[in-house]
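Shown here: final06.cif, mmCIF, C-alpha atoms.
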```cif
data_final
#
loop_
_atom_site.label_atom_id
_atom_site.label_comp_id
_atom_site.auth_asym_id
_atom_site.auth_seq_id
_atom_site.Cartn_x
_atom_site.Cartn_y
_atom_site.Cartn_z
CA MET Z 1 48.61 -21.60 -28.07
CA GLY Z 2 48.73 -21.79 -24.30
CA LEU Z 3 48.23 -25.58 -24.24
CA SER Z 4 49.91 -28.04 -21.91
CA GLY Z 5 49.31 -31.76 -21.53
CA GLN Z 6 46.40 -33.38 -23.33
CA VAL Z 7 44.61 -31.31 -25.98
CA PRO Z 8 41.14 -30.25 -24.68
CA ASN Z 9 37.98 -31.72 -26.14
CA ARG Z 10 37.03 -28.47 -27.86
CA VAL Z 11 39.50 -26.02 -29.42
CA ASP Z 12 38.98 -23.31 -32.01
CA ALA Z 13 39.98 -23.50 -35.67
CA ALA Z 14 43.18 -21.49 -35.20
CA THR Z 15 44.45 -23.90 -32.52
CA LYS Z 16 43.64 -26.86 -34.76
CA GLU Z 17 45.52 -25.25 -37.65
CA ALA Z 18 48.57 -24.63 -35.43
CA LEU Z 19 48.60 -28.22 -34.12
CA LEU Z 20 48.29 -29.64 -37.60
CA GLY Z 21 51.17 -27.38 -38.73
CA LEU Z 22 53.39 -28.76 -35.95
CA LEU Z 23 52.41 -32.28 -36.89
CA ASP Z 24 53.30 -31.64 -40.57
CA ASP Z 25 56.69 -30.24 -39.56
CA ALA Z 26 57.33 -33.38 -37.46
CA LEU Z 27 56.46 -35.63 -40.42
CA GLU Z 28 58.86 -33.71 -42.69
CA ALA Z 29 61.57 -34.11 -40.04
CA GLY Z 30 61.23 -37.91 -40.23
CA TRP Z 31 58.79 -38.52 -37.35
CA THR Z 32 55.95 -40.88 -37.73
CA SER Z 33 52.37 -39.66 -37.31
CA ARG Z 34 51.94 -41.66 -34.11
CA GLN Z 35 55.11 -40.20 -32.59
CA GLY Z 36 54.10 -36.65 -33.44
CA CYS Z 37 50.61 -37.09 -32.03
CA ARG Z 38 51.99 -38.61 -28.81
CA ALA Z 39 54.38 -35.66 -28.41
CA LEU Z 40 51.55 -33.14 -28.94
CA GLY Z 41 49.11 -34.95 -26.63
CA LEU Z 42 46.66 -35.40 -29.52
CA PRO Z 43 44.95 -38.70 -30.43
CA GLU Z 44 46.00 -39.86 -33.88
CA ARG Z 45 42.42 -40.57 -34.91
CA ARG Z 46 41.45 -37.01 -34.03
CA ALA Z 47 44.37 -35.60 -36.01
CA ASN Z 48 43.32 -37.60 -39.10
CA ARG Z 49 39.75 -36.24 -38.79
CA TRP Z 50 41.11 -32.69 -38.55
CA ARG Z 51 43.16 -33.23 -41.73
CA ARG Z 52 40.06 -34.33 -43.66
CA ARG Z 53 38.04 -31.36 -42.41
CA ARG Z 54 40.94 -29.01 -43.28
CA ASP Z 55 41.04 -30.32 -46.81
CA ALA Z 56 37.25 -29.77 -47.05
CA GLY Z 57 37.51 -26.26 -45.63
CA ARG Z 58 35.41 -27.06 -42.52
CA LEU Z 59 38.03 -27.03 -39.79
CA GLY Z 60 35.92 -24.93 -37.44
CA ASP Z 61 33.36 -26.68 -35.22
CA ALA Z 62 29.82 -26.82 -36.53
CA ARG Z 63 26.95 -25.25 -34.61
CA PRO Z 64 25.87 -27.62 -31.81
CA GLY Z 65 22.47 -29.27 -31.99
CA GLY Z 66 22.40 -29.93 -35.66
CA GLY Z 67 19.37 -28.93 -37.76
CA PRO Z 68 15.95 -29.80 -36.28
CA VAL Z 69 13.63 -31.35 -38.82
CA HIS Z 70 10.68 -29.38 -37.46
CA GLY Z 71 12.44 -25.98 -37.66
CA ILE Z 72 10.71 -23.18 -39.52
CA LEU Z 73 11.65 -22.48 -43.11
CA ALA Z 74 13.27 -19.35 -44.42
CA GLN Z 75 10.09 -18.18 -46.13
CA GLU Z 76 8.14 -18.66 -42.88
CA LEU Z 77 10.65 -16.55 -40.98
CA THR Z 78 10.34 -13.82 -43.60
CA ALA Z 79 6.54 -13.98 -43.36
CA ILE Z 80 6.63 -13.64 -39.55
CA LEU Z 81 8.78 -10.52 -39.78
CA ALA Z 82 6.56 -9.07 -42.50
CA VAL Z 83 3.40 -9.61 -40.49
CA PHE Z 84 5.09 -8.06 -37.46
CA GLU Z 85 5.95 -4.91 -39.38
CA ALA Z 86 2.37 -4.61 -40.67
CA TRP Z 87 0.34 -5.61 -37.60
CA ALA Z 88 2.53 -4.96 -34.54
CA GLU Z 89 0.71 -1.72 -33.64
CA VAL Z 90 -2.66 -3.49 -33.84
CA ASP Z 91 -2.02 -6.85 -32.19
CA ARG Z 92 0.75 -5.86 -29.71
CA SER Z 93 1.23 -9.52 -28.68
CA HIS Z 94 3.13 -12.48 -30.08
CA ARG Z 95 0.09 -14.67 -29.39
CA LYS Z 96 -2.20 -12.51 -31.47
CA LEU Z 97 0.49 -12.18 -34.13
CA ALA Z 98 0.71 -15.98 -34.44
CA HIS Z 99 -3.04 -16.21 -34.99
CA ARG Z 100 -2.91 -13.19 -37.30
CA GLY Z 101 -0.49 -15.05 -39.53
CA SER Z 102 -2.83 -18.02 -39.94
CA TYR Z 103 -5.84 -15.65 -40.24
CA LEU Z 104 -4.15 -14.00 -43.21
CA GLY Z 105 -2.82 -17.29 -44.60
CA ARG Z 106 0.79 -16.16 -44.36
CA PHE Z 107 2.28 -18.68 -41.92
CA TRP Z 108 1.24 -21.29 -39.36
CA CYS Z 109 3.46 -21.25 -36.28
CA SER Z 110 2.99 -21.47 -32.55
CA PRO Z 111 3.09 -18.29 -30.42
CA SER Z 112 6.34 -19.44 -28.81
CA THR Z 113 7.98 -19.75 -32.25
CA VAL Z 114 6.84 -16.26 -33.19
CA ARG Z 115 8.18 -14.90 -29.90
CA ARG Z 116 11.56 -16.63 -30.39
CA VAL Z 117 11.91 -15.28 -33.93
CA LEU Z 118 11.12 -11.75 -32.81
CA VAL Z 119 13.53 -11.89 -29.87
CA LEU Z 120 16.39 -13.19 -32.02
CA ARG Z 121 15.75 -10.40 -34.56
CA ASP Z 122 15.48 -7.76 -31.77
CA LYS Z 123 11.88 -6.99 -32.63
CA HIS Z 124 9.72 -5.75 -29.73
CA PHE Z 125 6.17 -4.57 -29.35
CA ARG Z 126 5.69 -0.96 -28.31
CA PRO Z 127 3.94 -0.82 -24.92
CA ARG Z 128 0.42 0.53 -24.83
CA PRO Z 129 0.11 4.16 -23.73
CA GLN Z 130 -1.01 4.41 -20.14
CA PRO Z 131 -3.38 7.15 -19.01
CA GLY Z 132 -1.88 9.69 -16.66
CA ARG Z 133 -2.75 9.66 -12.99
CA SER Z 134 -5.56 12.03 -12.19
CA ALA Z 135 -5.22 14.54 -9.37
CA LYS Z 136 -7.83 14.80 -6.66
CA SER Z 137 -9.58 18.17 -6.75
CA PRO Z 138 -9.47 19.95 -3.37
CA PHE Z 139 -12.47 21.23 -1.50
CA PRO Z 140 -13.29 24.91 -2.10
CA GLY Z 141 -11.79 27.40 0.29
CA TRP Z 142 -15.13 28.57 1.71
CA ALA Z 143 -15.90 25.06 3.05
CA ASP Z 144 -14.81 25.24 6.69
CA LEU Z 145 -13.60 22.24 8.65
CA ARG Z 146 -16.45 22.35 11.12
CA PRO Z 147 -19.65 20.36 11.57
CA ASN Z 148 -22.49 21.06 9.12
CA SER Z 149 -20.12 22.49 6.52
CA ILE Z 150 -19.30 19.42 4.39
CA TRP Z 151 -21.70 16.52 3.97
CA ILE Z 152 -20.99 13.34 2.08
CA TYR Z 153 -23.56 10.85 0.83
CA ASP Z 154 -23.74 7.57 -1.03
CA SER Z 155 -26.01 4.58 -1.59
CA THR Z 156 -25.42 1.04 -0.36
CA HIS Z 157 -27.37 -2.10 -1.23
CA PHE Z 158 -29.01 -4.78 0.91
CA THR Z 159 -29.72 -7.50 -1.60
CA ALA Z 160 -31.63 -9.84 0.71
CA CYS Z 161 -34.60 -7.47 0.78
CA GLY Z 162 -33.82 -5.73 -2.51
CA MET Z 163 -33.45 -2.29 -0.92
CA THR Z 164 -31.05 0.58 -1.44
CA VAL Z 165 -30.12 2.82 1.49
CA LEU Z 166 -28.95 6.39 0.85
CA ILE Z 167 -26.93 7.67 3.83
CA ILE Z 168 -25.84 11.26 4.52
CA GLU Z 169 -22.88 11.75 6.87
CA ASP Z 170 -21.12 14.82 8.23
CA LEU Z 171 -17.57 14.62 6.93
CA LEU Z 172 -15.88 16.26 9.93
CA SER Z 173 -17.80 14.86 12.89
CA ARG Z 174 -18.62 11.52 11.17
CA LYS Z 175 -22.21 11.85 12.38
CA TRP Z 176 -24.75 9.70 10.59
CA ILE Z 177 -27.27 12.43 9.87
CA THR Z 178 -30.04 10.58 8.07
CA HIS Z 179 -30.81 7.69 5.74
CA LEU Z 180 -33.51 6.76 3.28
CA VAL Z 181 -34.52 3.19 2.43
CA SER Z 182 -35.95 2.80 -1.05
CA VAL Z 183 -36.16 0.37 -3.91
CA GLU Z 184 -34.97 3.02 -6.40
CA GLU Z 185 -31.88 5.15 -6.91
CA THR Z 186 -33.04 8.40 -8.48
CA HIS Z 187 -32.88 12.13 -7.85
CA THR Z 188 -36.10 11.82 -5.85
CA GLN Z 189 -34.37 9.86 -3.09
CA VAL Z 190 -31.54 12.40 -3.01
CA GLN Z 191 -33.99 15.30 -2.65
CA ASN Z 192 -36.02 13.61 0.08
CA ALA Z 193 -32.92 12.60 2.06
CA PHE Z 194 -31.38 16.09 1.92
CA THR Z 195 -34.68 17.72 2.87
CA ALA Z 196 -34.94 15.51 5.95
CA ALA Z 197 -31.28 16.10 6.85
CA LEU Z 198 -31.57 19.89 6.53
CA GLU Z 199 -34.69 19.90 8.70
CA ASP Z 200 -32.96 17.72 11.31
CA GLN Z 201 -29.98 20.09 11.51
CA GLY Z 202 -32.06 23.28 11.29
CA LEU Z 203 -30.50 24.38 8.00
CA LEU Z 204 -33.50 24.26 5.68
CA GLU Z 205 -34.66 27.83 6.33
CA ALA Z 206 -31.10 29.12 6.12
CA GLY Z 207 -30.63 27.44 2.74
CA LEU Z 208 -33.85 28.86 1.33
CA GLU Z 209 -32.99 32.32 2.62
CA ARG Z 210 -29.44 32.18 1.25
CA ALA Z 211 -30.66 31.04 -2.16
CA GLY Z 212 -33.41 33.68 -2.20
CA THR Z 213 -30.91 36.50 -1.62
CA GLY Z 214 -28.47 35.31 -4.22
CA ARG Z 215 -26.00 37.38 -6.17
CA ALA Z 216 -27.47 40.40 -7.95
CA GLY Z 217 -31.01 39.36 -7.03
CA THR Z 218 -30.95 36.39 -9.39
CA GLY Z 219 -31.64 33.88 -6.66
CA ARG Z 220 -28.43 31.96 -7.41
CA VAL Z 221 -25.36 31.65 -5.24
CA ASP Z 222 -21.99 31.72 -7.01
CA PRO Z 223 -19.39 29.79 -4.93
CA GLY Z 224 -16.54 31.56 -6.72
CA ALA Z 225 -17.77 35.10 -6.13
CA GLU Z 226 -16.40 37.17 -3.26
CA ASP Z 227 -19.79 38.57 -2.25
CA GLY Z 228 -20.17 36.97 1.18
CA LEU Z 229 -22.97 34.71 -0.06
CA ASN Z 230 -21.30 31.32 0.01
CA PRO Z 231 -23.33 28.11 -0.13
CA ILE Z 232 -24.45 26.78 3.23
CA LEU Z 233 -23.13 23.27 2.51
CA LEU Z 234 -20.78 21.31 0.31
CA ALA Z 235 -22.29 17.97 -0.79
CA VAL Z 236 -19.58 15.42 -1.67
CA SER Z 237 -20.45 12.31 -3.69
CA ASP Z 238 -19.30 10.05 -6.46
CA ASN Z 239 -20.46 10.24 -10.07
CA GLY Z 240 -23.62 8.17 -9.72
CA SER Z 241 -26.46 8.95 -12.11
CA GLN Z 242 -28.72 10.19 -9.30
CA MET Z 243 -25.94 12.52 -8.04
CA ILE Z 244 -25.05 14.15 -11.35
CA SER Z 245 -28.58 14.42 -12.75
CA LYS Z 246 -30.01 17.78 -13.78
CA ASP Z 247 -32.84 17.54 -11.24
CA THR Z 248 -30.39 16.98 -8.39
CA ARG Z 249 -28.28 19.94 -9.51
CA THR Z 250 -31.36 22.15 -9.67
CA PHE Z 251 -32.49 21.05 -6.20
CA MET Z 252 -29.06 21.74 -4.71
CA THR Z 253 -28.98 25.18 -6.30
CA LEU Z 254 -32.39 26.09 -4.86
CA LEU Z 255 -31.08 25.29 -1.36
CA ALA Z 256 -27.68 26.98 -1.79
CA ILE Z 257 -25.82 23.66 -1.65
CA ALA Z 258 -22.66 23.24 -3.73
CA GLN Z 259 -21.70 19.87 -5.19
CA HIS Z 260 -18.27 18.26 -5.25
CA PHE Z 261 -17.67 15.03 -7.20
CA GLY Z 262 -14.84 12.57 -6.82
CA ARG Z 263 -12.82 11.10 -9.64
CA PRO Z 264 -14.48 8.35 -11.70
CA SER Z 265 -13.68 4.80 -10.52
CA THR Z 266 -11.90 6.19 -7.45
CA PRO Z 267 -13.89 5.25 -4.32
CA THR Z 268 -11.10 6.50 -2.06
CA ASP Z 269 -12.19 10.05 -2.86
CA GLN Z 270 -15.31 9.24 -0.82
CA ALA Z 271 -13.52 7.16 1.79
CA TRP Z 272 -15.56 8.58 4.69
CA ILE Z 273 -18.95 7.37 3.48
CA GLU Z 274 -17.51 4.13 2.06
CA SER Z 275 -16.09 3.41 5.52
CA LEU Z 276 -19.47 4.05 7.11
CA ASN Z 277 -21.20 1.67 4.71
CA GLY Z 278 -18.63 -1.03 5.40
CA THR Z 279 -18.83 -0.51 9.17
CA ILE Z 280 -22.60 -0.91 9.17
CA LYS Z 281 -22.42 -4.23 7.32
CA THR Z 282 -19.43 -5.50 9.29
CA GLU Z 283 -20.47 -4.68 12.85
CA TRP Z 284 -24.16 -5.42 12.30
CA PRO Z 285 -24.08 -8.34 9.85
CA HIS Z 286 -27.66 -9.39 10.61
CA LEU Z 287 -28.80 -6.54 8.37
CA LEU Z 288 -27.64 -8.51 5.34
CA ALA Z 289 -30.12 -11.31 6.14
CA ILE Z 290 -33.21 -9.12 6.59
CA THR Z 291 -35.81 -9.63 3.88
CA ASP Z 292 -38.55 -7.27 5.12
CA PRO Z 293 -38.01 -3.57 4.24
CA ALA Z 294 -39.97 -2.44 7.32
CA VAL Z 295 -37.70 -4.46 9.60
CA LEU Z 296 -34.64 -3.04 7.81
CA ARG Z 297 -35.88 0.53 8.39
CA ALA Z 298 -36.48 -0.14 12.10
CA GLU Z 299 -33.07 -1.77 12.54
CA LEU Z 300 -31.29 1.08 10.78
CA ASP Z 301 -32.99 3.62 13.04
CA THR Z 302 -31.76 1.74 16.11
CA ILE Z 303 -28.24 1.31 14.72
CA GLN Z 304 -28.07 5.00 13.78
CA LEU Z 305 -28.72 6.00 17.39
CA ALA Z 306 -26.05 3.59 18.68
CA TYR Z 307 -23.54 4.68 16.05
CA ASN Z 308 -23.93 8.36 16.83
CA SER Z 309 -24.18 8.31 20.63
CA VAL Z 310 -22.61 5.06 21.92
CA ARG Z 311 -19.94 3.79 19.53
CA LEU Z 312 -16.50 5.41 19.91
CA HIS Z 313 -15.16 6.43 16.51
CA GLN Z 314 -11.48 5.87 15.86
CA GLY Z 315 -11.25 8.49 13.11
CA ILE Z 316 -12.17 11.36 15.46
CA GLY Z 317 -10.07 10.37 18.46
CA TYR Z 318 -12.32 7.77 20.13
CA VAL Z 319 -15.29 9.99 20.91
CA THR Z 320 -18.84 9.55 19.68
CA PRO Z 321 -19.95 11.40 16.53
CA ASP Z 322 -22.52 13.26 18.63
CA ASP Z 323 -19.75 14.54 20.90
CA GLU Z 324 -17.73 15.77 17.94
CA HIS Z 325 -20.77 17.23 16.19
CA GLN Z 326 -21.79 19.24 19.25
CA GLY Z 327 -18.27 20.49 19.96
CA ARG Z 328 -17.44 18.32 22.97
CA GLY Z 329 -14.87 16.17 21.21
CA GLU Z 330 -11.76 18.25 21.86
CA SER Z 331 -12.56 18.74 25.53
CA ILE Z 332 -13.07 14.99 25.97
CA ARG Z 333 -9.76 14.22 24.25
CA GLN Z 334 -7.97 16.84 26.35
CA ALA Z 335 -9.53 15.43 29.52
CA ARG Z 336 -8.16 12.00 28.64
CA ARG Z 337 -4.66 13.43 28.05
CA ASP Z 338 -4.83 15.26 31.38
CA GLY Z 339 -6.08 12.13 33.12
CA LEU Z 340 -3.25 10.06 31.71
CA GLN Z 341 -0.74 12.60 33.02
CA ARG Z 342 -2.35 12.71 36.48
CA ALA Z 343 -2.46 8.92 36.67
CA ARG Z 344 1.22 8.74 35.76
CA GLN Z 345 2.20 11.22 38.43
CA HIS Z 346 0.04 9.40 41.00
CA ARG Z 347 1.67 6.05 40.18
CA LEU Z 348 5.14 7.57 40.44
CA ALA Z 349 4.39 9.14 43.81
CA ARG Z 350 2.79 5.98 45.16
CA HIS Z 351 5.62 3.69 44.12
CA ARG Z 352 8.25 6.10 45.40
CA ALA Z 353 6.52 6.26 48.78
CA GLU Z 354 6.34 2.48 49.05
CA ARG Z 355 10.02 1.84 48.23
CA GLU Z 356 11.99 0.46 51.21
CA ASN Z 357 15.19 2.36 50.53
CA GLN Z 358 15.47 4.50 53.69
CA PRO Z 359 17.37 3.57 56.90
CA ILE Z 360 15.43 2.59 59.98
CA PRO Z 361 16.19 5.13 62.76
CA GLY Z 362 17.88 3.62 65.84
CA ALA Z 363 18.37 0.18 64.31
CA PRO Z 364 21.98 -1.05 63.85
CA ASP Z 365 22.43 -2.69 60.52
CA VAL Z 366 26.07 -3.70 59.98
CA ALA Z 367 29.47 -3.25 61.51
CA CYS Z 368 32.02 -1.08 59.71
CA ILE Z 369 35.75 -1.03 60.31
CA ASP Z 370 37.52 2.29 60.72
CA ARG Z 371 40.91 1.85 59.04
CA GLU Z 372 42.65 4.43 61.24
CA SER Z 373 41.35 3.36 64.67
CA ARG Z 374 40.88 -0.32 63.79
CA THR Z 375 37.59 -0.26 65.73
CA LEU Z 376 34.17 -1.62 64.87
CA THR Z 377 31.35 0.90 64.51
CA GLN Z 378 27.71 0.35 63.63
CA THR Z 379 26.03 2.18 60.80
CA HIS Z 380 22.87 2.03 58.79
CA LEU Z 381 22.90 0.76 55.25
CA THR Z 382 20.88 2.26 52.40
CA LEU Z 383 19.94 0.60 49.13
CA SER Z 384 21.50 2.58 46.30
CA TRP Z 385 19.99 2.94 42.83
CA ARG Z 386 22.16 0.08 41.56
CA GLY Z 387 20.94 -2.31 44.25
CA ALA Z 388 24.08 -2.13 46.46
CA LEU Z 389 23.99 -1.49 50.20
CA VAL Z 390 26.19 1.45 51.14
CA ARG Z 391 27.15 3.20 54.38
CA GLY Z 392 24.93 5.95 55.79
CA PRO Z 393 25.91 9.64 55.56
CA GLU Z 394 26.93 9.99 59.24
CA LYS Z 395 30.30 8.30 58.68
CA THR Z 396 33.43 9.61 56.95
CA ASP Z 397 34.72 8.52 53.56
CA ARG Z 398 37.60 6.67 55.19
CA GLN Z 399 35.33 3.91 56.41
CA LEU Z 400 34.77 0.78 54.43
CA ARG Z 401 31.58 0.27 52.55
CA LEU Z 402 30.20 -3.20 53.10
CA ARG Z 403 27.82 -4.59 50.50
CA ARG Z 404 25.45 -7.41 51.30
CA ARG Z 405 25.22 -8.44 47.66
CA GLN Z 406 27.05 -7.59 44.47
CA PRO Z 407 25.25 -5.52 41.82
CA PRO Z 408 24.11 -7.47 38.76
CA ARG Z 409 26.80 -7.80 36.11
CA ARG Z 410 25.98 -5.94 32.94
CA MET Z 411 26.23 -7.70 29.64
CA PRO Z 412 28.99 -6.28 27.42
#
```
Whole structure, structure tokens version:
Amino acid sequence: MGLSGQVPNRVDAATKEALLGLLDDALEAGWTSRQGCRALGLPERRANRWRRRRDAGRLGDARPGGGPVHGILAQELTAILAVFEAWAEVDRSHRKLAHRGSYLGRFWCSPSTVRRVLVLRDKHFRPRPQPGRSAKSPFPGWADLRPNSIWIYDSTHFTACGMTVLIIEDLLSRKWITHLVSVEETHTQVQNAFTAALEDQGLLEAGLERAGTGRAGTGRVDPGAEDGLNPILLAVSDNGSQMISKDTRTFMTLLAIAQHFGRPSTPTDQAWIESLNGTIKTEWPHLLAITDPAVLRAELDTIQLAYNSVRLHQGIGYVTPDDEHQGRGESIRQARRDGLQRARQHRLARHRAERENQPIPGAPDVACIDRESRTLTQTHLTLSWRGALVRGPEKTDRQLRLRRRQPPRRMP
């Protein structure tokens, strides 16, 4: 049994049966019940209770906690499992299943009771199928990474004056090309904004000419055909109604402009124009308080000029969008790298020239002792790289090196 000393408070039925067997053997041998219990380390009252439970066939311990008076009944448990089998794929939640039971008149239990019953019976809801992650479609191969090759546009709202601003930006140079303030968001605003932007960049005639000499004389440009007649621009946008409308698609085709749409509900596919919209409202917050559309138009014109020609853009290496758009960006960035290198070399040369680590000609500094001649000689001391003063090069290695101070002790 593995017992020694007093019998523990809780033992299993087999241990109880063995102890009672020993006690019966002691009684048959002429021992009294008290003597046998004292020898076994078992209270006599406890032994008598075990005898009564053995005679009743209940020697094992009962389940702790007893039977709660508010516990569910057997028919309620069966009803919960039946409703789970029938409605689990529809409700997919123990809370809904609890209300489903009362809705059908099968059982009335709390959601926690339903959950406990299902867990104890190893019943689990099947998780809902999750849609797969969509892949971002790349830009077509004919779209070069140069200014005026990929444009991106979007609309942003200024609620104080009830206006919507459609902004077109060059994706590579980050130049704010044009904007249109309007109370509507339709294909008309898209057409007007792109017409103004193409005229500003001198691409309107090229677009009309490219579309007029389309493939096989049809007047249409096929971006996937290897005929040398690629679209002049790639217009990137989200899936707004004014961007995907039939009129907008027809207008873009007439000007040899291809469209590229981001994934639905994925604004990061248009991160460039979203960043521009946020920058405008963050760095010029007074725009959000303007209530007059004419004032908003005038302020946006001023801010556009400052954004393109004054503000340094982090995304293109801290040059202005005008510099990047006109091809000066790389030369400016290279000039800064060259300037940093020249400044470093100048600082090194200046500090090296100002260091006082050379001996003063003709000035005695310290007396050295020649070990062989036992005579005092004067020499110049030089500050070594570790901060110690050492003898000048005109003396031999046999002379002592005198240090004015000890080098700093390094930490282990």
| remark: Here atom CA of Z:Asp144 and atom CA of Z:Glu324 stand apart by 15.0 Å
| message | On this structure, the PyMOL selection byres ((chain Z and resi 286-290) around 7) would catch which residues? List them as a ChimeraX atom specification, sorted by chain and number. | response | /Z:158,160-161,281,284-285,291-292,296
| Residue IDs satisfying the PyMOL selection byres ((chain Z and resi 55-63) around 10), as a PyMOL selection string | chain Z and resi 10-17+49-54+64-67
With C-alpha atoms kept, could you save the residues just selected as a PDB file, in the coordinates of the input?
```
ATOM      1  CA  ARG Z  10      37.030 -28.470 -27.860  1.00  0.00           C
ATOM      2  CA  VAL Z  11      39.500 -26.020 -29.420  1.00  0.00           C
ATOM      3  CA  ASP Z  12      38.980 -23.310 -32.010  1.00  0.00           C
ATOM      4  CA  ALA Z  13      39.980 -23.500 -35.670  1.00  0.00           C
ATOM      5  CA  ALA Z  14      43.180 -21.490 -35.200  1.00  0.00           C
ATOM      6  CA  THR Z  15      44.450 -23.900 -32.520  1.00  0.00           C
ATOM      7  CA  LYS Z  16      43.640 -26.860 -34.760  1.00  0.00           C
ATOM      8  CA  GLU Z  17      45.520 -25.250 -37.650  1.00  0.00           C
ATOM      9  CA  ARG Z  49      39.750 -36.240 -38.790  1.00  0.00           C
ATOM     10  CA  TRP Z  50      41.110 -32.690 -38.550  1.00  0.00           C
ATOM     11  CA  ARG Z  51      43.160 -33.230 -41.730  1.00  0.00           C
ATOM     12  CA  ARG Z  52      40.060 -34.330 -43.660  1.00  0.00           C
ATOM     13  CA  ARG Z  53      38.040 -31.360 -42.410  1.00  0.00           C
ATOM     14  CA  ARG Z  54      40.940 -29.010 -43.280  1.00  0.00           C
ATOM     15  CA  PRO Z  64      25.870 -27.620 -31.810  1.00  0.00           C
ATOM     16  CA  GLY Z  65      22.470 -29.270 -31.990  1.00  0.00           C
ATOM     17  CA  GLY Z  66      22.400 -29.930 -35.660  1.00  0.00           C
ATOM     18  CA  GLY Z  67      19.370 -28.930 -37.760  1.00  0.00           C
TER      19      GLY Z  67
END
```
| request: Spell out the residues picked by the PyMOL selection byres ((chain Z and resi 187-194) around 7) here, as number ranges by chain. | output: Z: 178-180, 185-186, 195-198, 242-243, 245, 247-248, 251
Output for the residues just chosen: C-alpha atoms as an mmCIF file, in the frame of the given file:
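Just written: out29.cif:
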```cif
data_model
loop_
_atom_site.group_PDB
_atom_site.id
_atom_site.type_symbol
_atom_site.label_atom_id
_atom_site.label_comp_id
_atom_site.auth_asym_id
_atom_site.auth_seq_id
_atom_site.Cartn_x
_atom_site.Cartn_y
_atom_site.Cartn_z
ATOM 1 C CA THR Z 178 -30.040 10.580 8.070
ATOM 2 C CA HIS Z 179 -30.810 7.690 5.740
ATOM 3 C CA LEU Z 180 -33.510 6.760 3.280
ATOM 4 C CA GLU Z 185 -31.880 5.150 -6.910
ATOM 5 C CA THR Z 186 -33.040 8.400 -8.480
ATOM 6 C CA THR Z 195 -34.680 17.720 2.870
ATOM 7 C CA ALA Z 196 -34.940 15.510 5.950
ATOM 8 C CA ALA Z 197 -31.280 16.100 6.850
ATOM 9 C CA LEU Z 198 -31.570 19.890 6.530
ATOM 10 C CA GLN Z 242 -28.720 10.190 -9.300
ATOM 11 C CA MET Z 243 -25.940 12.520 -8.040
ATOM 12 C CA SER Z 245 -28.580 14.420 -12.750
ATOM 13 C CA ASP Z 247 -32.840 17.540 -11.240
ATOM 14 C CA THR Z 248 -30.390 16.980 -8.390
ATOM 15 C CA PHE Z 251 -32.490 21.050 -6.200
#
```
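Considering the residues Z:Gln6, Z:Gln314, Z:Ser110, Z:Gln75 and counting only C-alpha atoms, Z:Lys96 has its shortest atom-to-atom contact with Z:Ser110.
The gap separating atom CA of Z:Leu204 from atom CA of Z:Arg146 is 18.0 Å, in Å to one decimal.
Shortest separation to Z:Ser102 among Z:Ile80, Z:Ser33, Z:Lys123, Z:Leu145 occurs at residue Z:Ile80, atoms counted being all atoms listed in the file.
Of note, atom CA of Z:Ile152 and atom CA of Z:Gly262 are spaced 10.8 Å apart.
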| said: Nearest residue to Z:Ile150 out of Z:His99, Z:Arg328, Z:His260, Z:Arg116, using only C-alpha atoms? | reply: Z:His260
| said: Let me make sure I understand: among Z:Thr279, Z:Thr113, Z:Thr78, Z:Gln334, which one has the smallest atom-to-atom distance to Z:Tyr307 if we use all atoms listed in the file? | reply: Z:Thr279
| note | Of Z:Leu104, Z:Leu73, Z:Val295, Z:Ile273, the one sitting nearest Z:Met163 when using all atoms listed in the file is Z:Val295
